[in-house]
Each structure stands twice: as C-alpha cells, then as structure tokens.
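Dropping upload39.txt in here (compact mmCIF, C-alpha atoms):
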```
# COMPACT_ATOMS: atom_id res chain seq x y z
CA MET A 1 -16.46 133.61 41.98
CA LYS A 2 -16.65 129.84 42.19
CA ASN A 3 -18.36 128.34 45.20
CA ASN A 4 -17.40 124.69 45.82
CA GLN A 5 -20.07 124.24 48.47
CA VAL A 6 -22.76 121.65 47.76
CA VAL A 7 -26.15 123.29 48.27
CA LYS A 8 -29.03 120.99 49.21
CA ILE A 9 -32.61 122.04 48.58
CA ASP A 10 -35.59 120.12 49.97
CA ALA A 11 -38.34 120.60 47.40
CA SER A 12 -41.15 119.07 49.46
CA GLY A 13 -44.31 121.07 48.79
CA ILE A 14 -42.51 123.80 46.84
CA PHE A 15 -44.29 125.10 43.72
CA TYR A 16 -42.20 124.80 40.57
CA ARG A 17 -41.88 128.58 40.05
CA GLU A 18 -40.57 129.09 43.56
CA LEU A 19 -38.18 126.16 43.20
CA ASN A 20 -36.77 127.40 39.91
CA ALA A 21 -36.37 130.93 41.25
CA LYS A 22 -34.36 129.51 44.15
CA LEU A 23 -32.30 127.41 41.75
CA ARG A 24 -31.45 130.44 39.61
CA GLU A 25 -30.50 132.42 42.69
CA VAL A 26 -28.10 129.72 43.87
CA VAL A 27 -26.54 129.34 40.42
CA SER A 28 -26.03 133.10 40.12
CA ASP A 29 -24.10 132.96 43.41
CA GLY A 30 -21.53 130.73 41.72
CA VAL A 31 -22.44 127.45 43.39
CA GLN A 32 -20.98 124.51 41.44
CA LYS A 33 -23.14 121.64 42.74
CA ILE A 34 -26.76 121.46 43.86
CA GLU A 35 -28.78 118.55 45.25
CA LEU A 36 -32.55 118.70 44.88
CA CYS A 37 -34.36 116.28 47.18
CA ASN A 38 -38.00 115.22 47.28
CA ILE A 39 -38.77 116.29 43.73
CA TYR A 40 -42.34 115.35 42.82
CA GLY A 41 -43.22 116.58 39.34
CA GLN A 42 -41.92 120.15 39.51
CA ARG A 43 -41.57 121.40 35.94
CA TYR A 44 -38.86 123.27 34.05
CA ILE A 45 -35.99 122.40 36.40
CA GLY A 46 -32.76 123.71 34.89
CA THR A 47 -34.57 125.57 32.12
CA ASP A 48 -32.37 128.13 30.35
CA LEU A 49 -29.48 127.78 32.80
CA ASP A 50 -26.19 128.66 31.10
CA LYS A 51 -23.57 127.87 33.77
CA PRO A 52 -21.53 124.63 34.12
CA VAL A 53 -23.30 123.68 37.33
CA GLU A 54 -23.98 120.09 38.45
CA ILE A 55 -27.54 119.38 39.58
CA GLU A 56 -28.47 116.08 41.21
CA ILE A 57 -32.18 115.34 41.42
CA PHE A 58 -33.67 112.76 43.77
CA GLY A 59 -37.23 112.00 42.76
CA THR A 60 -39.24 112.51 39.57
CA PRO A 61 -38.87 115.89 37.84
CA GLY A 62 -41.79 117.16 35.78
CA ASN A 63 -42.04 118.13 32.14
CA ASP A 64 -39.33 120.00 30.25
CA LEU A 65 -36.41 119.12 32.49
CA GLY A 66 -33.36 121.04 31.22
CA ALA A 67 -35.28 122.83 28.48
CA PHE A 68 -33.16 125.39 26.59
CA MET A 69 -30.25 124.81 28.95
CA ASP A 70 -26.72 125.61 27.85
CA GLY A 71 -24.05 123.96 29.97
CA PRO A 72 -25.30 122.29 33.17
CA LYS A 73 -25.02 118.60 33.99
CA ILE A 74 -28.25 117.18 35.43
CA THR A 75 -28.39 113.72 36.97
CA VAL A 76 -31.80 112.25 37.87
CA HIS A 77 -31.96 109.44 40.43
CA GLY A 78 -35.40 108.32 39.31
CA ASN A 79 -37.61 108.76 36.26
CA ALA A 80 -38.21 111.85 34.13
CA GLN A 81 -41.48 113.03 32.61
CA ASP A 82 -42.14 114.38 29.10
CA GLY A 83 -39.96 116.82 27.18
CA CYS A 84 -36.67 116.02 28.88
CA GLY A 85 -33.98 118.16 27.18
CA ASN A 86 -36.49 120.15 25.12
CA THR A 87 -34.47 122.39 22.74
CA MET A 88 -31.36 122.07 24.91
CA ASN A 89 -28.29 123.78 23.48
CA ASN A 90 -25.46 122.23 25.48
CA GLY A 91 -24.84 120.22 28.63
CA GLU A 92 -25.78 116.74 29.80
CA ILE A 93 -28.84 115.00 31.23
CA ILE A 94 -28.46 111.55 32.80
CA VAL A 95 -31.60 109.70 33.91
CA HIS A 96 -31.31 106.60 36.12
CA GLY A 97 -34.72 105.33 35.10
CA HIS A 98 -37.32 105.88 32.39
CA ALA A 99 -38.19 109.05 30.48
CA GLY A 100 -41.50 110.07 28.95
CA ASP A 101 -42.58 111.28 25.53
CA ILE A 102 -40.64 113.66 23.23
CA THR A 103 -37.33 113.12 25.01
CA GLY A 104 -34.77 115.35 23.26
CA LEU A 105 -37.42 117.34 21.39
CA SER A 106 -35.64 119.77 19.02
CA ALA A 107 -32.35 119.38 20.89
CA ARG A 108 -29.62 121.47 19.25
CA GLY A 109 -26.65 120.15 21.22
CA GLY A 110 -25.59 118.36 24.39
CA LYS A 111 -26.11 114.76 25.43
CA ILE A 112 -29.01 112.87 27.00
CA PHE A 113 -28.53 109.40 28.50
CA ILE A 114 -31.61 107.42 29.57
CA ARG A 115 -30.94 104.14 31.38
CA ASP A 116 -34.28 102.47 30.63
CA ASN A 117 -37.17 103.10 28.22
CA VAL A 118 -38.61 106.25 26.67
CA GLY A 119 -42.09 107.08 25.44
CA TYR A 120 -43.34 108.30 22.08
CA ARG A 121 -41.51 110.56 19.61
CA ALA A 122 -38.10 110.49 21.31
CA GLY A 123 -35.59 112.54 19.34
CA ILE A 124 -38.29 114.33 17.34
CA HIS A 125 -36.83 117.17 15.28
CA MET A 126 -33.33 116.96 16.75
CA LYS A 127 -31.12 119.25 14.69
CA GLU A 128 -27.44 120.08 14.26
CA TYR A 129 -25.39 123.07 13.15
CA GLN A 130 -21.74 122.95 12.08
CA ASP A 131 -19.88 120.95 14.74
CA ARG A 132 -22.71 120.99 17.28
CA LYS A 133 -24.60 117.69 17.29
CA PRO A 134 -27.12 116.56 19.90
CA VAL A 135 -26.91 113.00 21.22
CA VAL A 136 -29.62 110.84 22.78
CA VAL A 137 -28.71 107.35 24.04
CA ILE A 138 -31.54 105.11 25.27
CA GLY A 139 -30.69 101.94 27.17
CA GLY A 140 -34.03 100.23 26.76
CA THR A 141 -36.58 100.55 24.01
CA ALA A 142 -38.95 103.22 22.70
CA GLN A 143 -42.53 103.75 21.60
CA ASP A 144 -43.69 104.84 18.12
CA PHE A 145 -42.24 107.64 15.99
CA LEU A 146 -38.70 107.38 17.32
CA GLY A 147 -36.58 109.99 15.50
CA GLU A 148 -39.57 111.57 13.76
CA TYR A 149 -38.63 114.54 11.53
CA MET A 150 -35.06 114.16 12.75
CA ALA A 151 -32.92 116.93 11.24
CA GLY A 152 -29.53 116.07 12.72
CA GLY A 153 -27.63 114.53 15.60
CA VAL A 154 -27.17 110.97 16.81
CA LEU A 155 -29.90 108.79 18.32
CA ILE A 156 -28.94 105.40 19.77
CA LEU A 157 -31.40 102.72 20.90
CA LEU A 158 -29.72 99.87 22.76
CA GLY A 159 -32.60 97.55 23.66
CA LEU A 160 -30.79 96.17 26.69
CA ASN A 161 -34.05 94.99 28.23
CA LEU A 162 -35.22 93.03 25.18
CA LYS A 163 -35.27 89.25 25.42
CA LYS A 164 -33.31 87.15 22.94
CA GLY A 165 -34.98 87.39 19.54
CA GLU A 166 -37.47 90.02 20.72
CA CYS A 167 -38.06 93.00 18.42
CA HIS A 168 -38.33 96.65 19.37
CA LYS A 169 -42.00 97.61 19.60
CA ALA A 170 -41.81 101.05 17.97
CA ASN A 171 -43.43 101.67 14.60
CA PHE A 172 -42.95 104.59 12.19
CA ILE A 173 -39.28 104.87 13.19
CA GLY A 174 -37.63 107.82 11.45
CA THR A 175 -40.80 109.06 9.76
CA GLY A 176 -39.95 112.35 8.03
CA MET A 177 -36.27 112.00 8.93
CA HIS A 178 -34.07 114.18 6.70
CA SER A 179 -30.70 114.32 8.47
CA GLY A 180 -28.79 112.73 11.34
CA VAL A 181 -28.39 109.04 12.10
CA ILE A 182 -30.10 106.39 14.25
CA TYR A 183 -28.17 103.38 15.54
CA MET A 184 -30.27 100.45 16.73
CA ARG A 185 -29.14 97.39 18.64
CA GLY A 186 -31.72 94.63 18.57
CA ASN A 187 -34.19 93.38 16.00
CA VAL A 188 -36.49 95.59 13.95
CA GLN A 189 -38.66 94.72 10.96
CA ASP A 190 -38.83 96.72 7.74
CA PHE A 191 -42.50 97.56 8.25
CA GLN A 192 -41.60 99.38 11.47
CA LEU A 193 -39.51 101.96 9.61
CA GLY A 194 -40.71 105.16 8.01
CA LYS A 195 -40.56 105.15 4.22
CA GLU A 196 -37.96 107.93 4.32
CA VAL A 197 -35.42 105.68 6.10
CA GLY A 198 -32.70 103.46 4.67
CA VAL A 199 -30.78 100.72 6.50
CA ALA A 200 -27.03 100.18 6.16
CA GLU A 201 -24.16 98.26 7.69
CA LEU A 202 -21.88 100.24 9.99
CA ASP A 203 -18.62 101.55 8.57
CA GLU A 204 -15.45 102.39 10.52
CA LYS A 205 -16.61 105.90 11.36
CA ASP A 206 -19.91 104.58 12.70
CA GLY A 207 -18.02 102.12 14.87
CA LEU A 208 -15.95 104.89 16.42
CA VAL A 209 -19.03 107.02 17.14
CA LEU A 210 -20.81 104.08 18.76
CA LYS A 211 -17.79 103.09 20.83
CA GLU A 212 -17.42 106.58 22.25
CA LEU A 213 -21.08 107.14 23.08
CA VAL A 214 -21.86 103.63 24.34
CA SER A 215 -18.79 103.84 26.58
CA GLU A 216 -20.15 107.07 28.06
CA PHE A 217 -23.54 105.45 28.58
CA ALA A 218 -21.94 102.41 30.24
CA SER A 219 -19.86 104.57 32.57
CA HIS A 220 -22.99 106.36 33.81
CA PHE A 221 -25.02 103.23 34.55
CA GLY A 222 -22.50 100.52 35.40
CA TYR A 223 -22.62 98.51 32.18
CA ALA A 224 -19.70 96.92 30.34
CA ALA A 225 -19.43 98.77 27.03
CA GLU A 226 -17.64 95.91 25.29
CA GLU A 227 -20.55 93.54 26.07
CA ILE A 228 -23.03 95.97 24.53
CA LEU A 229 -20.90 96.65 21.47
CA LYS A 230 -20.28 93.03 20.51
CA HIS A 231 -23.89 92.71 19.38
CA LYS A 232 -24.95 93.75 15.89
CA PHE A 233 -26.19 97.29 15.25
CA ALA A 234 -28.18 98.66 12.32
CA LYS A 235 -27.67 102.15 10.95
CA LEU A 236 -30.76 104.09 9.90
CA PHE A 237 -30.25 107.07 7.65
CA PRO A 238 -32.48 109.43 5.65
CA LEU A 239 -33.00 108.64 1.98
CA HIS A 240 -33.92 112.21 1.08
CA LEU A 241 -32.84 115.64 2.25
CA ARG A 242 -36.36 117.13 2.16
CA PRO A 243 -38.83 114.24 2.10
CA TYR A 244 -41.91 116.46 2.19
CA GLY A 245 -40.57 119.43 0.26
CA ARG A 246 -42.59 118.59 -2.86
CA LEU A 247 -45.83 118.95 -0.92
CA TYR A 248 -45.22 122.68 -0.60
CA ALA A 249 -43.66 123.35 -4.04
CA TYR A 250 -45.61 125.34 -6.60
```
Whole structure, structure tokens version:
Amino acid sequence: MKNNQVVKIDASGIFYRELNAKLREVVSDGVQKIELCNIYGQRYIGTDLDKPVEIEIFGTPGNDLGAFMDGPKITVHGNAQDGCGNTMNNGEIIVHGHAGDITGLSARGGKIFIRDNVGYRAGIHMKEYQDRKPVVVIGGTAQDFLGEYMAGGVLILLGLNLKKGECHKANFIGTGMHSGVIYMRGNVQDFQLGKEVGVAELDEKDGLVLKELVSEFASHFGYAAEEILKHKFAKLFPLHLRPYGRLYAY
C-alpha cells in the first residue's frame, strides 16, 4: 500500500547501521518520500533499496551512497563522499555540491548528476547491458583517471566552473576504456588522454544524447541547457574492444 506521507528522520548522532535499518523499515511500510536531516557522514544510505522512493538528504552522506540501489531517487542538499552510486542498478542520484572519488564505480544503470566537481576515478568500470546504460553528468571538473576501464554507459564532463581558455586538470582520461562514451565540454590536451582513447566530432546521435542529458542536468540545478550546449564538446571513444586482452593471451 502506498503511503503519501513525508517521513522526516533526524539523523543527529545516529550510527549508520541504525539509520539504515530505520530507512529500510520506513520503505517497507510503503512510504513514498523521506527526508533525512543532519546527515554527517553516515555510510551506505539507500544501499540495495529496490522501491521507487524519494529520499532527500540534508547534510553530507558518507561513502557508498545509493550503492546497489535499484529504483530510488536520492537528492543530496550538500556534498557526497566517495563511492556515490557504487554498482547502482537503477534510479537517480542528484548531488547539489561536490562528490568524492570513484563516483559511479561499476554503475550498471541509472543516472547520477553532480552539480560541481568530483574526485579521482569517476565513472571507473561503468558498464552496460542491452538497453540499460548508466549515466554520470558532472557539472564541474574531475581529477585523474576519469572513465578508467569504462565498459559502457555515458559520462559527461561539463566544466562549468572553468575559466575561459582553462583546461580540465585530469590526466589519464579514459585509461583502459573499452566501451561507452565520454563527452567533454572545455579544453583538454592530447597528453591528458589514455592511449586507448580516440577523439571525434559529435554526430547527430551524439547531439541528441547530449541535449537530453544536459537538459536533465540543467533542470536539477537551475542552469539554462541551451547556454551549456552552444559550446563545443569533444567525444572520447575507445579505440579497442579489449585494450589489455593481449597481456593475458597465451
């Protein structure tokens, strides 16, 4: 039975295991929306939840926010720590701030929108299967190894906080990448890319994908999508299906 009541939970001083047990209990009761207040680093919030529940978080959730989740929509009014969306299967995570390292690690589906910057190895080992493709859209910039070992999905880096003419700082972008696509707005030098990555102009299909996902990003954070999209984007794609396969061949 659906419960349209908004349940508010004050997480002050609550250990992460206790908080997540309470969260699961509320979700199992059919509650459709939950507000978590005073979140200070509690880990695993939303882990493995498989109901279409909306969770609003006020504060800074700890590592592995939304890990393995399959359906919820999580909105963070603050920053997120490492492992946001770790191996998520479906759903949506929206962060009104920064996110840490390995954002979207091994994501298999769903969408992650980060308003500002992310740390190292964002999008590492994202993968896709049939029509299920994970999406990570980053409004700012990223640290090294963006899209490392990427095996599918769509990763978008918008660089909205870069100054005119300023390059993204990340090096080793797409190292080991063997499927999926990275769209980058802003300047990047060839030496910053992994040797497995090629660069191409966008085609019509790419333009449609970008328009849809950038419009979603803009709607979450109050940007004008058309202003973002009028700037030039580069498309990064893998040159080889199995770039390291020969290392293990006999």
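With only C-alpha atoms taken into account, the protein and nucleic acid residues at most 7 Å from Tyr183 of chain A (excluding it and anything under 2 positions from it in its own chain) are A:Leu155, A:Ile156, A:Leu157, A:Val181, A:Arg185, A:Phe233, A:Ala234, A:Lys235, A:Leu236.
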Here atom CA of Gly78 of chain A and atom CA of Gly97 of chain A stand apart by 5.2 Å
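Candidate residues A:Lys51, A:His178, A:Lys230, A:Lys205 were compared for distance to Ile124 of chain A, and the nearest is A:His178, using only C-alpha atoms.
With distances restricted to all atoms listed in the file, A:Ala99 is the closest residue to Gly62 of chain A from A:Asp203, A:Asn90, A:Ala99, A:Cys37.
If you measure from each of A:Lys163, A:His168, A:His98, A:His231 to Gln81 of chain A using only C-alpha atoms, the closest one turns out to be A:His98.
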As a PDB file with C-alpha atoms, keeping the file's coordinate frame, please: the residues near Thr103 of chain A (cut-off 12 Å, only C-alpha atoms, same-chain neighbours under 6 positions excluded).
```pdb
ATOM      1  CA  ASN A  63     -42.040 118.130  32.140  1.00  0.00           C
ATOM      2  CA  ASP A  64     -39.330 120.000  30.250  1.00  0.00           C
ATOM      3  CA  LEU A  65     -36.410 119.120  32.490  1.00  0.00           C
ATOM      4  CA  GLY A  66     -33.360 121.040  31.220  1.00  0.00           C
ATOM      5  CA  ALA A  67     -35.280 122.830  28.480  1.00  0.00           C
ATOM      6  CA  ALA A  80     -38.210 111.850  34.130  1.00  0.00           C
ATOM      7  CA  GLN A  81     -41.480 113.030  32.610  1.00  0.00           C
ATOM      8  CA  ASP A  82     -42.140 114.380  29.100  1.00  0.00           C
ATOM      9  CA  GLY A  83     -39.960 116.820  27.180  1.00  0.00           C
ATOM     10  CA  CYS A  84     -36.670 116.020  28.880  1.00  0.00           C
ATOM     11  CA  GLY A  85     -33.980 118.160  27.180  1.00  0.00           C
ATOM     12  CA  ASN A  86     -36.490 120.150  25.120  1.00  0.00           C
ATOM     13  CA  THR A  87     -34.470 122.390  22.740  1.00  0.00           C
ATOM     14  CA  MET A  88     -31.360 122.070  24.910  1.00  0.00           C
ATOM     15  CA  ILE A  93     -28.840 115.000  31.230  1.00  0.00           C
ATOM     16  CA  ILE A  94     -28.460 111.550  32.800  1.00  0.00           C
ATOM     17  CA  VAL A  95     -31.600 109.700  33.910  1.00  0.00           C
ATOM     18  CA  LYS A 111     -26.110 114.760  25.430  1.00  0.00           C
ATOM     19  CA  ILE A 112     -29.010 112.870  27.000  1.00  0.00           C
ATOM     20  CA  PHE A 113     -28.530 109.400  28.500  1.00  0.00           C
ATOM     21  CA  ILE A 114     -31.610 107.420  29.570  1.00  0.00           C
ATOM     22  CA  ASN A 117     -37.170 103.100  28.220  1.00  0.00           C
ATOM     23  CA  VAL A 118     -38.610 106.250  26.670  1.00  0.00           C
ATOM     24  CA  GLY A 119     -42.090 107.080  25.440  1.00  0.00           C
ATOM     25  CA  TYR A 120     -43.340 108.300  22.080  1.00  0.00           C
ATOM     26  CA  ARG A 121     -41.510 110.560  19.610  1.00  0.00           C
ATOM     27  CA  ALA A 122     -38.100 110.490  21.310  1.00  0.00           C
ATOM     28  CA  GLY A 123     -35.590 112.540  19.340  1.00  0.00           C
ATOM     29  CA  ILE A 124     -38.290 114.330  17.340  1.00  0.00           C
ATOM     30  CA  HIS A 125     -36.830 117.170  15.280  1.00  0.00           C
ATOM     31  CA  MET A 126     -33.330 116.960  16.750  1.00  0.00           C
ATOM     32  CA  PRO A 134     -27.120 116.560  19.900  1.00  0.00           C
ATOM     33  CA  VAL A 135     -26.910 113.000  21.220  1.00  0.00           C
ATOM     34  CA  VAL A 136     -29.620 110.840  22.780  1.00  0.00           C
ATOM     35  CA  VAL A 137     -28.710 107.350  24.040  1.00  0.00           C
ATOM     36  CA  ILE A 138     -31.540 105.110  25.270  1.00  0.00           C
ATOM     37  CA  ALA A 142     -38.950 103.220  22.700  1.00  0.00           C
ATOM     38  CA  GLN A 143     -42.530 103.750  21.600  1.00  0.00           C
ATOM     39  CA  PHE A 145     -42.240 107.640  15.990  1.00  0.00           C
ATOM     40  CA  LEU A 146     -38.700 107.380  17.320  1.00  0.00           C
ATOM     41  CA  GLY A 147     -36.580 109.990  15.500  1.00  0.00           C
ATOM     42  CA  GLU A 148     -39.570 111.570  13.760  1.00  0.00           C
ATOM     43  CA  LEU A 155     -29.900 108.790  18.320  1.00  0.00           C
TER      44      LEU A 155
END
```
Leu160 of chain A proximity check over A:Asp50, A:Asp116, A:Glu92, A:Asp131, using only C-alpha atoms: winner is A:Asp116
Closest of A:Pro238, A:Gly198, A:Thr75, A:Tyr44 to Ala151 of chain A - atom-to-atom distances counting all atoms listed in the file: A:Pro238
